[in-house]
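Text of the file upload.pdb, holding PDB, C-alpha atoms, pLDDT in the B column:
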ATOM      1  CA  MET F1318      38.196 -71.082-104.122  1.00 45.00           C
ATOM      2  CA  THR F1319      36.749 -74.152-102.593  1.00 45.00           C
ATOM      3  CA  ASP F1320      40.172 -75.671-102.364  1.00 48.00           C
ATOM      4  CA  ASN F1321      41.375 -72.908-100.098  1.00 50.00           C
ATOM      5  CA  GLN F1322      38.568 -73.350 -97.581  1.00 50.00           C
ATOM      6  CA  ARG F1323      39.455 -75.217 -94.503  1.00 53.00           C
ATOM      7  CA  ILE F1324      37.021 -76.996 -92.323  1.00 51.00           C
ATOM      8  CA  HIS F1325      37.594 -76.495 -88.568  1.00 50.00           C
ATOM      9  CA  PRO F1326      36.205 -79.059 -86.217  1.00 51.00           C
ATOM     10  CA  LEU F1327      33.428 -77.726 -84.071  1.00 49.00           C
ATOM     11  CA  HIS F1328      33.348 -78.192 -80.306  1.00 50.00           C
ATOM     12  CA  ASP F1329      30.667 -80.575 -79.257  1.00 51.00           C
ATOM     13  CA  VAL F1330      28.575 -78.717 -76.669  1.00 47.00           C
ATOM     14  CA  GLU F1331      26.802 -81.843 -75.541  1.00 48.00           C
ATOM     15  CA  ALA F1332      30.028 -83.742 -74.957  1.00 49.00           C
ATOM     16  CA  PRO F1333      30.833 -84.290 -71.283  1.00 51.00           C
ATOM     17  CA  ALA F1334      33.286 -81.829 -69.884  1.00 50.00           C
ATOM     18  CA  HIS F1335      36.723 -83.020 -69.049  1.00 50.00           C
ATOM     19  CA  ARG F1336      37.085 -83.513 -65.381  1.00 52.00           C
ATOM     20  CA  ASP F1337      40.347 -83.138 -63.539  1.00 51.00           C
ATOM     21  CA  SER F1338      41.000 -86.372 -61.789  1.00 51.00           C
ATOM     22  CA  SER F1339      43.493 -84.840 -59.397  1.00 52.00           C
ATOM     23  CA  PRO F1340      42.258 -84.652 -55.796  1.00 53.00           C
ATOM     24  CA  LEU F1341      41.024 -81.301 -54.471  1.00 50.00           C
ATOM     25  CA  MET F1342      43.105 -81.695 -51.365  1.00 52.00           C
ATOM     26  CA  PRO F1343      46.423 -83.293 -50.840  1.00 53.00           C
ATOM     27  CA  ARG F1344      46.371 -86.934 -50.057  1.00 56.00           C
ATOM     28  CA  ASN F1345      47.973 -86.420 -46.663  1.00 54.00           C
ATOM     29  CA  THR F1346      45.234 -84.007 -45.518  1.00 49.00           C
ATOM     30  CA  SER F1347      42.724 -85.412 -43.026  1.00 49.00           C
ATOM     31  CA  LYS F1348      39.011 -84.890 -43.305  1.00 49.00           C
ATOM     32  CA  SER F1349      38.927 -82.717 -40.273  1.00 47.00           C
ATOM     33  CA  ASP F1350      41.135 -80.214 -42.022  1.00 49.00           C
ATOM     34  CA  ASN F1351      38.794 -80.069 -44.957  1.00 49.00           C
ATOM     35  CA  PRO F1352      36.326 -77.171 -44.620  1.00 49.00           C
ATOM     36  CA  ILE F1353      33.942 -78.929 -46.943  1.00 49.00           C
ATOM     37  CA  GLU F1354      32.512 -82.252 -45.796  1.00 50.00           C
ATOM     38  CA  ASN F1355      29.803 -84.050 -47.628  1.00 51.00           C
ATOM     39  CA  GLY F1356      29.014 -81.008 -49.669  1.00 52.00           C
ATOM     40  CA  TYR F1357      28.437 -78.727 -46.591  1.00 51.00           C
ATOM     41  CA  GLN F1358      30.783 -75.970 -45.743  1.00 55.00           C
ATOM     42  CA  HIS F1359      31.002 -75.283 -42.002  1.00 54.00           C
ATOM     43  CA  PRO F1360      31.204 -71.629 -41.004  1.00 57.00           C
ATOM     44  CA  PRO F1361      34.390 -70.565 -39.313  1.00 57.00           C
ATOM     45  CA  THR F1362      34.283 -70.802 -35.566  1.00 60.00           C
ATOM     46  CA  GLN F1363      33.994 -67.486 -33.658  1.00 60.00           C
ATOM     47  CA  PRO F1364      34.884 -66.723 -30.051  1.00 60.00           C
ATOM     48  CA  PRO F1365      31.944 -66.705 -27.626  1.00 61.00           C
ATOM     49  CA  GLN F1366      30.301 -63.307 -27.202  1.00 63.00           C
ATOM     50  CA  ARG F1367      28.825 -61.904 -23.983  1.00 62.00           C
ATOM     51  CA  THR F1368      25.335 -60.591 -24.107  1.00 62.00           C
ATOM     52  CA  PHE F1369      24.519 -57.367 -22.287  1.00 56.00           C
ATOM     53  CA  PRO F1370      21.059 -56.394 -21.073  1.00 59.00           C
ATOM     54  CA  VAL F1371      19.447 -53.652 -23.076  1.00 56.00           C
ATOM     55  CA  ASN F1372      18.358 -50.654 -21.051  1.00 59.00           C
ATOM     56  CA  HIS F1373      15.202 -49.246 -22.515  1.00 54.00           C
ATOM     57  CA  SER F1374      14.887 -45.510 -21.830  1.00 58.00           C
ATOM     58  CA  LYS F1375      11.650 -44.505 -20.145  1.00 59.00           C
ATOM     59  CA  PRO F1376       9.533 -41.904 -21.870  1.00 57.00           C
ATOM     60  CA  PRO F1377       9.654 -38.466 -20.179  1.00 56.00           C
ATOM     61  CA  LYS F1378       6.982 -37.911 -17.578  1.00 57.00           C
ATOM     62  CA  LYS F1379       4.484 -35.173 -18.193  1.00 56.00           C
ATOM     63  CA  ARG F1380       4.291 -32.465 -15.524  1.00 58.00           C
ATOM     64  CA  SER F1381       1.069 -32.326 -13.638  1.00 70.00           C
ATOM     65  CA  CYS F1382      -1.100 -29.230 -13.472  1.00 78.00           C
ATOM     66  CA  CYS F1383      -0.252 -28.809  -9.773  1.00 80.00           C
ATOM     67  CA  CYS F1384       3.485 -28.715 -10.550  1.00 85.00           C
ATOM     68  CA  LYS F1385       2.951 -26.110 -13.262  1.00 82.00           C
ATOM     69  CA  PHE F1386       0.827 -24.021 -10.897  1.00 82.00           C
ATOM     70  CA  PHE F1387       3.542 -23.935  -8.218  1.00 83.00           C
ATOM     71  CA  CYS F1388       6.162 -23.111 -10.853  1.00 89.00           C
ATOM     72  CA  TRP F1389       4.096 -20.126 -11.955  1.00 88.00           C
ATOM     73  CA  ILE F1390       3.590 -18.971  -8.369  1.00 89.00           C
ATOM     74  CA  PHE F1391       7.312 -19.253  -7.632  1.00 88.00           C
ATOM     75  CA  SER F1392       8.174 -17.314 -10.789  1.00 91.00           C
ATOM     76  CA  ILE F1393       5.718 -14.523  -9.936  1.00 93.00           C
ATOM     77  CA  LEU F1394       7.059 -14.246  -6.371  1.00 92.00           C
ATOM     78  CA  LEU F1395      10.619 -14.119  -7.650  1.00 92.00           C
ATOM     79  CA  ILE F1396       9.713 -11.338 -10.080  1.00 93.00           C
ATOM     80  CA  LEU F1397       7.985  -9.378  -7.293  1.00 93.00           C
ATOM     81  CA  ILE F1398      10.980  -9.718  -4.982  1.00 93.00           C
ATOM     82  CA  VAL F1399      13.345  -8.515  -7.697  1.00 93.00           C
ATOM     83  CA  ALA F1400      11.037  -5.593  -8.521  1.00 91.00           C
ATOM     84  CA  ILE F1401      10.776  -4.558  -4.853  1.00 89.00           C
ATOM     85  CA  ALA F1402      14.544  -4.780  -4.432  1.00 91.00           C
ATOM     86  CA  ILE F1403      15.110  -2.610  -7.506  1.00 91.00           C
ATOM     87  CA  THR F1404      12.532  -0.056  -6.327  1.00 83.00           C
ATOM     88  CA  ALA F1405      14.076   0.094  -2.851  1.00 81.00           C
ATOM     89  CA  GLY F1406      17.521   0.564  -4.353  1.00 86.00           C
ATOM     90  CA  VAL F1407      16.316   3.419  -6.568  1.00 83.00           C
ATOM     91  CA  LEU F1408      14.546   5.124  -3.643  1.00 77.00           C
ATOM     92  CA  TYR F1409      17.640   4.811  -1.497  1.00 80.00           C
ATOM     93  CA  LEU F1410      19.849   6.372  -4.167  1.00 85.00           C
ATOM     94  CA  VAL F1411      17.383   9.220  -4.733  1.00 82.00           C
ATOM     95  CA  PHE F1412      16.419  10.120  -1.141  1.00 83.00           C
ATOM     96  CA  ARG F1413      19.443   8.862   0.852  1.00 87.00           C
ATOM     97  CA  PRO F1414      17.399   8.131   4.027  1.00 90.00           C
ATOM     98  CA  LYS F1415      18.920   8.627   7.473  1.00 92.00           C
ATOM     99  CA  LEU F1416      17.569   7.541  10.842  1.00 93.00           C
ATOM    100  CA  PRO F1417      16.150  10.266  13.097  1.00 95.00           C
ATOM    101  CA  LYS F1418      17.942  11.047  16.329  1.00 96.00           C
ATOM    102  CA  TYR F1419      16.536  11.629  19.809  1.00 97.00           C
ATOM    103  CA  SER F1420      17.949  12.795  23.113  1.00 96.00           C
ATOM    104  CA  VAL F1421      16.634  13.557  26.599  1.00 96.00           C
ATOM    105  CA  ASP F1422      17.997  16.950  27.590  1.00 95.00           C
ATOM    106  CA  LYS F1423      16.163  17.698  30.807  1.00 95.00           C
ATOM    107  CA  LEU F1424      14.144  15.951  33.481  1.00 95.00           C
ATOM    108  CA  GLY F1425      12.068  17.950  35.924  1.00 94.00           C
ATOM    109  CA  ILE F1426      10.027  16.566  38.842  1.00 94.00           C
ATOM    110  CA  THR F1427       7.031  18.455  40.211  1.00 93.00           C
ATOM    111  CA  GLN F1428       5.643  15.621  42.319  1.00 93.00           C
ATOM    112  CA  PHE F1429       7.280  12.594  43.886  1.00 92.00           C
ATOM    113  CA  ASN F1430       5.638  11.749  47.197  1.00 89.00           C
ATOM    114  CA  THR F1431       3.491   9.161  48.906  1.00 86.00           C
ATOM    115  CA  THR F1432      -0.088   9.448  50.061  1.00 80.00           C
ATOM    116  CA  GLY F1433      -1.896   7.960  53.013  1.00 76.00           C
ATOM    117  CA  ASN F1434      -2.698   4.637  51.285  1.00 83.00           C
ATOM    118  CA  ASN F1435       1.022   3.954  50.631  1.00 87.00           C
ATOM    119  CA  SER F1436       0.812   4.894  46.944  1.00 91.00           C
ATOM    120  CA  LEU F1437       3.448   6.951  45.119  1.00 93.00           C
ATOM    121  CA  SER F1438       2.327   9.890  42.966  1.00 94.00           C
ATOM    122  CA  VAL F1439       4.821  10.987  40.297  1.00 95.00           C
ATOM    123  CA  THR F1440       4.799  13.904  37.833  1.00 96.00           C
ATOM    124  CA  PHE F1441       7.710  14.335  35.414  1.00 96.00           C
ATOM    125  CA  ASN F1442       8.421  17.040  32.854  1.00 96.00           C
ATOM    126  CA  VAL F1443      10.702  15.573  30.214  1.00 96.00           C
ATOM    127  CA  THR F1444      12.403  17.597  27.496  1.00 96.00           C
ATOM    128  CA  ILE F1445      13.126  15.526  24.392  1.00 96.00           C
ATOM    129  CA  THR F1446      14.885  16.788  21.280  1.00 97.00           C
ATOM    130  CA  ALA F1447      13.898  15.093  17.988  1.00 97.00           C
ATOM    131  CA  ARG F1448      16.141  15.617  14.938  1.00 97.00           C
ATOM    132  CA  ASN F1449      15.326  14.804  11.314  1.00 97.00           C
ATOM    133  CA  PRO F1450      18.621  14.821   9.369  1.00 95.00           C
ATOM    134  CA  ASN F1451      17.076  13.983   5.966  1.00 95.00           C
ATOM    135  CA  LYS F1452      17.152  16.453   3.050  1.00 92.00           C
ATOM    136  CA  LYS F1453      14.172  15.043   1.137  1.00 91.00           C
ATOM    137  CA  ILE F1454      12.155  13.113   3.760  1.00 93.00           C
ATOM    138  CA  GLY F1455       9.538  14.529   6.119  1.00 95.00           C
ATOM    139  CA  LEU F1456       7.945  12.889   9.177  1.00 96.00           C
ATOM    140  CA  TYR F1457       4.306  13.030  10.243  1.00 97.00           C
ATOM    141  CA  TYR F1458       3.943  12.269  13.964  1.00 97.00           C
ATOM    142  CA  VAL F1459       0.371  10.956  14.196  1.00 96.00           C
ATOM    143  CA  GLY F1460      -1.867   9.984  17.112  1.00 95.00           C
ATOM    144  CA  GLY F1461      -1.447   6.876  19.231  1.00 95.00           C
ATOM    145  CA  SER F1462       1.931   7.657  20.812  1.00 97.00           C
ATOM    146  CA  HIS F1463       2.905   6.461  24.266  1.00 97.00           C
ATOM    147  CA  ILE F1464       5.818   7.450  26.502  1.00 97.00           C
ATOM    148  CA  THR F1465       6.610   5.813  29.834  1.00 97.00           C
ATOM    149  CA  SER F1466       9.228   6.262  32.565  1.00 97.00           C
ATOM    150  CA  TRP F1467      10.635   3.274  34.494  1.00 97.00           C
ATOM    151  CA  TYR F1468      12.788   2.525  37.481  1.00 96.00           C
ATOM    152  CA  GLU F1469      14.075  -0.992  36.860  1.00 92.00           C
ATOM    153  CA  ASP F1470      10.875  -3.039  36.296  1.00 93.00           C
ATOM    154  CA  THR F1471       8.435  -0.540  37.867  1.00 94.00           C
ATOM    155  CA  GLN F1472       6.595   2.010  35.740  1.00 96.00           C
ATOM    156  CA  LEU F1473       6.597   5.427  37.412  1.00 96.00           C
ATOM    157  CA  CYS F1474       4.570   7.598  35.016  1.00 97.00           C
ATOM    158  CA  GLU F1475       3.354   7.892  31.420  1.00 97.00           C
ATOM    159  CA  GLY F1476       2.270  10.397  28.788  1.00 97.00           C
ATOM    160  CA  SER F1477       2.010  10.990  25.038  1.00 97.00           C
ATOM    161  CA  LEU F1478       3.594  13.053  22.247  1.00 96.00           C
ATOM    162  CA  PRO F1479       1.680  15.731  20.320  1.00 96.00           C
ATOM    163  CA  LYS F1480       0.788  15.443  16.642  1.00 96.00           C
ATOM    164  CA  PHE F1481       3.049  17.473  14.371  1.00 96.00           C
ATOM    165  CA  TYR F1482       4.923  17.456  11.080  1.00 97.00           C
ATOM    166  CA  GLN F1483       8.708  17.541  11.108  1.00 97.00           C
ATOM    167  CA  GLY F1484      10.185  18.878   7.888  1.00 95.00           C
ATOM    168  CA  HIS F1485      13.537  18.359   6.198  1.00 94.00           C
ATOM    169  CA  ARG F1486      16.593  18.830   8.419  1.00 95.00           C
ATOM    170  CA  ASN F1487      14.376  19.988  11.248  1.00 97.00           C
ATOM    171  CA  THR F1488      15.048  19.923  14.994  1.00 97.00           C
ATOM    172  CA  THR F1489      12.025  19.955  17.311  1.00 97.00           C
ATOM    173  CA  VAL F1490      12.143  20.291  21.106  1.00 97.00           C
ATOM    174  CA  LEU F1491       9.260  18.614  22.943  1.00 97.00           C
ATOM    175  CA  ASN F1492       8.259  19.353  26.549  1.00 96.00           C
ATOM    176  CA  LEU F1493       6.234  16.357  27.690  1.00 96.00           C
ATOM    177  CA  PRO F1494       4.327  16.088  30.983  1.00 96.00           C
ATOM    178  CA  MET F1495       4.095  12.576  32.454  1.00 97.00           C
ATOM    179  CA  THR F1496       2.015  11.466  35.412  1.00 96.00           C
ATOM    180  CA  GLY F1497       1.521   8.187  37.265  1.00 95.00           C
ATOM    181  CA  GLN F1498       0.691   6.463  40.499  1.00 92.00           C
ATOM    182  CA  THR F1499       2.235   3.309  41.978  1.00 91.00           C
ATOM    183  CA  GLN F1500       0.524   1.209  44.632  1.00 89.00           C
ATOM    184  CA  ASP F1501       2.386  -0.338  47.584  1.00 87.00           C
ATOM    185  CA  ALA F1502       5.352   1.930  46.998  1.00 88.00           C
ATOM    186  CA  SER F1503       7.185   1.467  50.330  1.00 86.00           C
ATOM    187  CA  GLY F1504       9.550  -1.147  48.890  1.00 90.00           C
ATOM    188  CA  LEU F1505      10.153   0.990  45.789  1.00 92.00           C
ATOM    189  CA  LEU F1506      11.035   4.087  47.830  1.00 91.00           C
ATOM    190  CA  ASN F1507      13.410   2.105  50.049  1.00 92.00           C
ATOM    191  CA  ALA F1508      15.225   0.687  46.987  1.00 93.00           C
ATOM    192  CA  ILE F1509      15.602   4.166  45.421  1.00 93.00           C
ATOM    193  CA  GLN F1510      16.911   5.721  48.654  1.00 91.00           C
ATOM    194  CA  GLN F1511      19.347   2.876  49.252  1.00 93.00           C
ATOM    195  CA  GLN F1512      20.785   3.072  45.730  1.00 93.00           C
ATOM    196  CA  GLN F1513      21.128   6.849  45.979  1.00 91.00           C
ATOM    197  CA  GLN F1514      23.038   6.561  49.246  1.00 92.00           C
ATOM    198  CA  GLU F1515      25.354   3.822  47.956  1.00 92.00           C
ATOM    199  CA  THR F1516      26.132   5.109  44.429  1.00 93.00           C
ATOM    200  CA  GLY F1517      24.832   8.663  44.313  1.00 91.00           C
ATOM    201  CA  ASN F1518      23.017   7.840  41.053  1.00 94.00           C
ATOM    202  CA  ILE F1519      19.552   6.586  40.098  1.00 96.00           C
ATOM    203  CA  PRO F1520      18.913   4.896  36.720  1.00 96.00           C
ATOM    204  CA  ILE F1521      15.758   5.889  34.847  1.00 96.00           C
ATOM    205  CA  ASN F1522      14.545   4.362  31.557  1.00 97.00           C
ATOM    206  CA  ILE F1523      12.268   6.263  29.196  1.00 97.00           C
ATOM    207  CA  LYS F1524      10.472   4.322  26.451  1.00 97.00           C
ATOM    208  CA  VAL F1525       8.660   5.936  23.520  1.00 97.00           C
ATOM    209  CA  LYS F1526       6.334   4.327  20.973  1.00 97.00           C
ATOM    210  CA  GLN F1527       5.372   6.757  18.225  1.00 97.00           C
ATOM    211  CA  PRO F1528       3.371   6.005  15.030  1.00 96.00           C
ATOM    212  CA  VAL F1529       4.831   7.932  12.088  1.00 96.00           C
ATOM    213  CA  ARG F1530       4.049   8.350   8.397  1.00 95.00           C
ATOM    214  CA  ILE F1531       7.002   9.106   6.121  1.00 93.00           C
ATOM    215  CA  LYS F1532       6.737  11.671   3.329  1.00 93.00           C
ATOM    216  CA  LEU F1533       8.933  11.122   0.249  1.00 88.00           C
ATOM    217  CA  GLY F1534       8.672  14.248  -1.855  1.00 81.00           C
ATOM    218  CA  LYS F1535       4.891  14.612  -2.296  1.00 84.00           C
ATOM    219  CA  LEU F1536       4.165  10.953  -1.560  1.00 86.00           C
ATOM    220  CA  LYS F1537       2.952   9.998   1.912  1.00 89.00           C
ATOM    221  CA  LEU F1538       3.794   6.372   2.718  1.00 87.00           C
ATOM    222  CA  PHE F1539       2.195   3.832   5.019  1.00 83.00           C
ATOM    223  CA  LYS F1540       2.322   4.057   8.803  1.00 90.00           C
ATOM    224  CA  MET F1541       5.187   2.621  10.857  1.00 93.00           C
ATOM    225  CA  ASN F1542       6.087   2.649  14.540  1.00 95.00           C
ATOM    226  CA  PHE F1543       9.156   4.435  15.860  1.00 95.00           C
ATOM    227  CA  ARG F1544      10.508   2.969  19.078  1.00 96.00           C
ATOM    228  CA  VAL F1545      12.958   4.923  21.202  1.00 96.00           C
ATOM    229  CA  ARG F1546      14.551   3.772  24.429  1.00 97.00           C
ATOM    230  CA  CYS F1547      16.627   6.205  26.459  1.00 97.00           C
ATOM    231  CA  LYS F1548      18.728   5.316  29.497  1.00 96.00           C
ATOM    232  CA  LEU F1549      19.300   8.123  31.994  1.00 95.00           C
ATOM    233  CA  VAL F1550      21.316   8.364  35.140  1.00 96.00           C
ATOM    234  CA  VAL F1551      20.214  11.163  37.486  1.00 96.00           C
ATOM    235  CA  ASP F1552      21.520  12.273  40.875  1.00 93.00           C
ATOM    236  CA  ASN F1553      18.134  12.372  42.666  1.00 92.00           C
ATOM    237  CA  LEU F1554      14.363  12.130  42.300  1.00 92.00           C
ATOM    238  CA  SER F1555      13.301  14.975  44.518  1.00 88.00           C
ATOM    239  CA  ALA F1556      10.647  17.561  43.673  1.00 86.00           C
ATOM    240  CA  SER F1557      12.409  20.214  45.733  1.00 83.00           C
ATOM    241  CA  GLU F1558      15.813  19.898  44.081  1.00 85.00           C
ATOM    242  CA  ASP F1559      17.161  20.323  40.577  1.00 88.00           C
ATOM    243  CA  ILE F1560      17.707  17.079  38.715  1.00 92.00           C
ATOM    244  CA  LYS F1561      21.123  16.613  37.152  1.00 94.00           C
ATOM    245  CA  ILE F1562      21.497  14.129  34.303  1.00 95.00           C
ATOM    246  CA  SER F1563      24.954  12.582  34.493  1.00 93.00           C
ATOM    247  CA  SER F1564      24.556  10.343  31.406  1.00 94.00           C
ATOM    248  CA  SER F1565      21.994   9.878  28.655  1.00 94.00           C
ATOM    249  CA  SER F1566      21.871   7.537  25.626  1.00 96.00           C
ATOM    250  CA  CYS F1567      19.025   6.734  23.253  1.00 96.00           C
ATOM    251  CA  LYS F1568      18.526   3.829  20.852  1.00 95.00           C
ATOM    252  CA  PHE F1569      16.160   3.962  17.905  1.00 94.00           C
ATOM    253  CA  LYS F1570      14.441   1.292  15.805  1.00 92.00           C
ATOM    254  CA  PHE F1571      11.294   1.093  13.712  1.00 88.00           C
ATOM    255  CA  ARG F1572       8.709  -1.529  12.787  1.00 81.00           C
ATOM    256  CA  LEU F1573       6.243  -1.567   9.921  1.00 71.00           C
TER     257      LEU F1573
END
Whole structure given in structure tokens:
Amino acid sequence: MTDNQRIHPLHDVEAPAHRDSSPLMPRNTSKSDNPIENGYQHPPTQPPQRTFPVNHSKPPKKRSCCCKFFCWIFSILLILIVAIAITAGVLYLVFRPKLPKYSVDKLGITQFNTTGNNSLSVTFNVTITARNPNKKIGLYYVGGSHITSWYEDTQLCEGSLPKFYQGHRNTTVLNLPMTGQTQDASGLLNAIQQQQQETGNIPINIKVKQPVRIKLGKLKLFKMNFRVRCKLVVDNLSASEDIKISSSSCKFKFRL
């Protein structure tokens, strides 16, 4: 049994390792081509890189109390405007408001003469027809009205309208007395007579200012002023003759 055993030589661990004597680089290679010089490996060259400035974002600014206050005020006003617009639209669809209509149907003169101190005394009786075409809106004519009659820029006489309520789709005829006195009326009378002789017509303007309260159903609204301006053309201004109105037109507007 011992004859069959073979002894294998062991590798000497402490023996120096066999070094390959062949050069690491070819003999014809220069040192500059060798990436390793003197035991230091140079990093590969890279192209130059441009540096860009870094923009640092600013932190968001906090809104001041004043800015928040104005934002709240603006929001509240916007809500109020929208609410008013919606309310007005609903009221319009429900009541279908229409503007009242006015006309001057008759002009009577009981006095139009001068006195000893060169003043002109005038008394008119004007018949005005007021129409309310609305189905669901009533009109309260309250105190504080004023009606005047003019020839060009000179006021001839004045008066007022009575207080009354005008219901739905109502037509009311008003007979209004107007009186007035104009000082130094010689020039005025000459201008009226000259225009009557040249054209046969005399223009008269009647202006009305009437405070009114509108009634929507059972609700009585705030006061507003009706303003009416009527332009008349008459053939004469004599107390002894009938006055003929050749043309008449009225314009209406209102103010809160």
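Shortest separation to Thr1446 in chain F among F:Ser1477, F:Gln1510, F:Ser1420, F:Thr1404 occurs at residue F:Ser1420, atoms counted being all atoms listed in the file.
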(request) Quick one: apply the PyMOL selection byres ((chain F and resi 1555) around 10) to the file and drop the selected residues here as a PyMOL selection string. (result) chain F and resi 1425-1430+1552-1554+1556-1560
(request) For the structure shown, which residues end up in the PyMOL selection byres ((chain F and resi 1518) around 7)? Put them as JSON, numbers by chain, please? (result) {"F": [1513, 1516, 1517, 1519, 1520, 1550, 1551, 1552, 1553]}
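Considering only C-alpha atoms, the residue among F:Ala1502, F:Cys1382, F:Val1525, F:Leu1395 positioned nearest to Ala1447 in chain F is F:Val1525.
The gap separating CA of Val1421 in chain F from CA of Ile1523 in chain F is 8.9 Å, in Å to one decimal.
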(message) Since I can't run it myself right now, could you work out what the PyMOL selection byres ((chain F and resi 1442-1445) around 12) selects here and report it as a VMD selection string?
(response) chain F and resid 1418 to 1429 1439 to 1441 1446 to 1448 1464 to 1466 1474 to 1478 1488 to 1496 1521 to 1525 1545 to 1547 1549 1556 1560 1562 1565 to 1567
(message) Please compute the CA of Leu1538 in chain F-CA of Lys1568 in chain F distance, one decimal, in Å.
(response) 23.5 Å
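Once Phe1543 in chain F and its same-chain neighbours fewer than 3 positions away are set aside, Val1525, Lys1526, Gln1527, Pro1528, Val1529, Phe1569, Lys1570, Phe1571 and Arg1572 of chain F remain within 8 Å of it when counting all atoms listed in the file.
In this structure, CA of Tyr1457 in chain F sits 10.5 Å away from CA of Met1541 in chain F.
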(request) Rank F:Phe1539, F:Lys1548, F:Gly1455, F:Lys1532 by their smallest atom-to-atom distance to Tyr1468 in chain F, using only C-alpha atoms, and report the top residue only. (result) F:Lys1548
(message) Set the distance at 6 Å and use only C-alpha atoms: which residues neighbour Ser1436 in chain F once local chain neighbours fewer than 2 positions away are removed? I'd like the list as a PyMOL selection string.
(response) chain F and resi 1431-1432+1434+1499-1502
Mind giving me the axis-aligned box for range 1482-1493 of chain F with 6 Å on every side, centre plus edges in Å to one decimal, as JSON?
{"center_x": 10.8, "center_y": 18.3, "center_z": 16.9, "size_x": 23.7, "size_y": 15.9, "size_z": 33.5}
(request) For a cut-off of 12 Å around (20.5, 11.5, -1.8), file coordinates, pick out all residues using only C-alpha atoms and list them as a PyMOL selection string. (result) chain F and resi 1406-1415+1450-1454+1533
Kindly add N, CA, C and O atoms to the incomplete range 1390-1401 of chain F and provide the output as a compact mmCIF listing (two decimals), in the frame of the given file.
# COMPACT_ATOMS: atom_id res chain seq x y z
N ILE F 1390 3.62 -19.76 -9.61
CA ILE F 1390 3.59 -18.97 -8.37
C ILE F 1390 5.00 -18.58 -7.95
O ILE F 1390 5.28 -17.43 -7.56
N PHE F 1391 5.92 -19.54 -8.01
CA PHE F 1391 7.31 -19.25 -7.63
C PHE F 1391 7.92 -18.20 -8.56
O PHE F 1391 8.64 -17.30 -8.11
N SER F 1392 7.63 -18.29 -9.84
CA SER F 1392 8.17 -17.31 -10.79
C SER F 1392 7.63 -15.91 -10.51
O SER F 1392 8.37 -14.92 -10.55
N ILE F 1393 6.32 -15.83 -10.22
CA ILE F 1393 5.72 -14.52 -9.94
C ILE F 1393 6.30 -13.92 -8.66
O ILE F 1393 6.62 -12.72 -8.61
N LEU F 1394 6.47 -14.75 -7.61
CA LEU F 1394 7.06 -14.25 -6.37
C LEU F 1394 8.49 -13.77 -6.59
O LEU F 1394 8.90 -12.73 -6.04
N LEU F 1395 9.24 -14.52 -7.37
CA LEU F 1395 10.62 -14.12 -7.65
C LEU F 1395 10.66 -12.79 -8.39
O LEU F 1395 11.49 -11.91 -8.08
N ILE F 1396 9.76 -12.61 -9.35
CA ILE F 1396 9.71 -11.34 -10.08
C ILE F 1396 9.34 -10.19 -9.15
O ILE F 1396 9.92 -9.09 -9.23
N LEU F 1397 8.38 -10.43 -8.24
CA LEU F 1397 7.98 -9.38 -7.29
C LEU F 1397 9.13 -9.00 -6.36
O LEU F 1397 9.36 -7.81 -6.08
N ILE F 1398 9.86 -10.00 -5.88
CA ILE F 1398 10.98 -9.72 -4.98
C ILE F 1398 12.05 -8.90 -5.70
O ILE F 1398 12.59 -7.92 -5.15
N VAL F 1399 12.34 -9.27 -6.93
CA VAL F 1399 13.34 -8.52 -7.70
C VAL F 1399 12.87 -7.09 -7.95
O VAL F 1399 13.63 -6.12 -7.83
N ALA F 1400 11.57 -6.94 -8.27
CA ALA F 1400 11.04 -5.59 -8.52
C ALA F 1400 11.08 -4.72 -7.27
O ALA F 1400 11.44 -3.53 -7.33
N ILE F 1401 10.73 -5.31 -6.11
CA ILE F 1401 10.78 -4.56 -4.85
C ILE F 1401 12.20 -4.16 -4.51
O ILE F 1401 12.47 -3.04 -4.06
